[in-house]
Amino acid sequence: QKGMAVEDVVLCGQSTVLTDNVKICDLYVDWMGYGLEDWPPRLIAKPRVRGFELVVDVPASRDTSVWEAGRMQSYFDRQLIFDVQENTTVEEVKVLIERKLGIPAARQKLTAFLRESLGDAGQYIPLQNEKSMADYKMKQHC
């Protein structure tokens with residue numbers, strides 16, 4: 001995005017967020033761990049997260065596949081990441097998914113895999129439209 005303030009930009013390698021005190025030259029000491037396998041390095045600039053990142057896994061389906069001339073070209077799972085606040089409702093998340101994938105919010109059924117600790121087996125919980133992320137303690141589980 002153009003015109004973002006410098007303090008609102010987060011630089012990432014392929015799989016690592018780079019903190020403000022890291023120098024690019026220092027990354028090549030352990031470059032494989034930072035996703036900088038190529039030269040010049042491929043850095044990704046993302047906007048700063050305002051709330052917390054909610055990861056939504058969308059299984060492969062007819063709606064997420066790519067079609068060309070009546071033939072399916074790709075069929076794969078999608079992973080979406082949204083910047084949400086604790087007061088964001090499940091209905092609002094469904095609208096974000098609708099904007100990204102084109103699947104109407106009324107056709108979506110969202111579940112969350114929640115566990116209290118790493119030792120807990122966890123369970124899938126169906127999410128209700130009127131409840132917020134705080135009601136499910138999503139920030140704690142994300």
# chains A, B, ... in the order shown; residues from 1 in each chain; ligands from 1
$ residues_around --residues "Ala60 in chain A" --least-positions-apart "3" --cutoff "6 Å" --atoms "only C-alpha atoms" --output "list of chain:residue names"
A:Tyr75, A:Phe76, A:Asp77
$ residues_around --residues "Thr111 in chain A" --least-positions-apart "4" --cutoff "8 Å" --atoms "only C-alpha atoms" --output "list in words"
Tyr124, Ile125, Pro126 and Leu127 of chain A
$ write_last_selection --atoms "all heavy atoms" --output "mmCIF file, in the first residue's frame"
data_model
loop_
_atom_site.group_PDB
_atom_site.id
_atom_site.type_symbol
_atom_site.label_atom_id
_atom_site.label_comp_id
_atom_site.auth_asym_id
_atom_site.auth_seq_id
_atom_site.Cartn_x
_atom_site.Cartn_y
_atom_site.Cartn_z
ATOM 1 N N TYR A 124 -13.805 -28.448 18.687
ATOM 2 C CA TYR A 124 -14.386 -27.552 17.689
ATOM 3 C C TYR A 124 -15.687 -26.967 18.245
ATOM 4 O O TYR A 124 -16.528 -27.697 18.750
ATOM 5 C CB TYR A 124 -14.672 -28.305 16.383
ATOM 6 C CG TYR A 124 -13.427 -28.567 15.586
ATOM 7 C CD1 TYR A 124 -12.765 -29.781 15.674
ATOM 8 C CD2 TYR A 124 -12.904 -27.590 14.750
ATOM 9 C CE1 TYR A 124 -11.617 -30.026 14.945
ATOM 10 C CE2 TYR A 124 -11.746 -27.821 14.011
ATOM 11 C CZ TYR A 124 -11.112 -29.039 14.121
ATOM 12 O OH TYR A 124 -9.981 -29.265 13.394
ATOM 13 N N ILE A 125 -15.822 -25.658 18.141
ATOM 14 C CA ILE A 125 -16.994 -24.944 18.638
ATOM 15 C C ILE A 125 -17.668 -24.249 17.457
ATOM 16 O O ILE A 125 -17.008 -23.481 16.739
ATOM 17 C CB ILE A 125 -16.584 -23.853 19.668
ATOM 18 C CG1 ILE A 125 -15.734 -24.442 20.783
ATOM 19 C CG2 ILE A 125 -17.787 -23.108 20.193
ATOM 20 C CD1 ILE A 125 -16.475 -25.334 21.730
ATOM 21 N N PRO A 126 -18.975 -24.476 17.213
ATOM 22 C CA PRO A 126 -19.666 -23.701 16.174
ATOM 23 C C PRO A 126 -19.822 -22.251 16.632
ATOM 24 O O PRO A 126 -20.153 -21.997 17.784
ATOM 25 C CB PRO A 126 -21.020 -24.404 16.027
ATOM 26 C CG PRO A 126 -21.175 -25.251 17.233
ATOM 27 C CD PRO A 126 -19.818 -25.481 17.828
ATOM 28 N N LEU A 127 -19.548 -21.305 15.744
ATOM 29 C CA LEU A 127 -19.609 -19.889 16.092
ATOM 30 C C LEU A 127 -20.970 -19.307 15.720
ATOM 31 O O LEU A 127 -21.476 -19.558 14.632
ATOM 32 C CB LEU A 127 -18.494 -19.125 15.378
ATOM 33 C CG LEU A 127 -17.071 -19.622 15.642
ATOM 34 C CD1 LEU A 127 -16.067 -18.762 14.878
ATOM 35 C CD2 LEU A 127 -16.753 -19.625 17.120
#
$ select_by_dssp --residues "range 110-142 of chain A" --states "strand (DSSP E)" --output "list in words"
Thr111, Ala112, Phe113, Leu114, Gln123, Tyr124, Ile125 and Pro126 of chain A
$ residues_around --residues "range 89-93 of chain A" --least-positions-apart "6" --cutoff "8 Å" --atoms "only C-alpha atoms" --output "PDB file with C-alpha atoms, in the first residue's frame"
ATOM      1  CA  ALA A 105     -22.188 -14.918   4.388  1.00  0.00           C
ATOM      2  CA  LEU A 127     -19.609 -19.889  16.092  1.00  0.00           C
ATOM      3  CA  GLN A 128     -22.829 -17.898  16.421  1.00  0.00           C
ATOM      4  CA  ASN A 129     -23.278 -14.773  14.264  1.00  0.00           C
ATOM      5  CA  GLU A 130     -24.186 -12.346  17.049  1.00  0.00           C
ATOM      6  CA  LYS A 131     -21.251 -13.236  19.323  1.00  0.00           C
ATOM      7  CA  SER A 132     -17.947 -11.374  19.252  1.00  0.00           C
ATOM      8  CA  MET A 133     -14.347 -12.570  19.242  1.00  0.00           C
TER       9      MET A 133
END
$ select_by_dssp --residues "chain A" --states "alpha helix (DSSP H)" --output "number ranges by chain"
A: 24-27, 90-101, 138-141
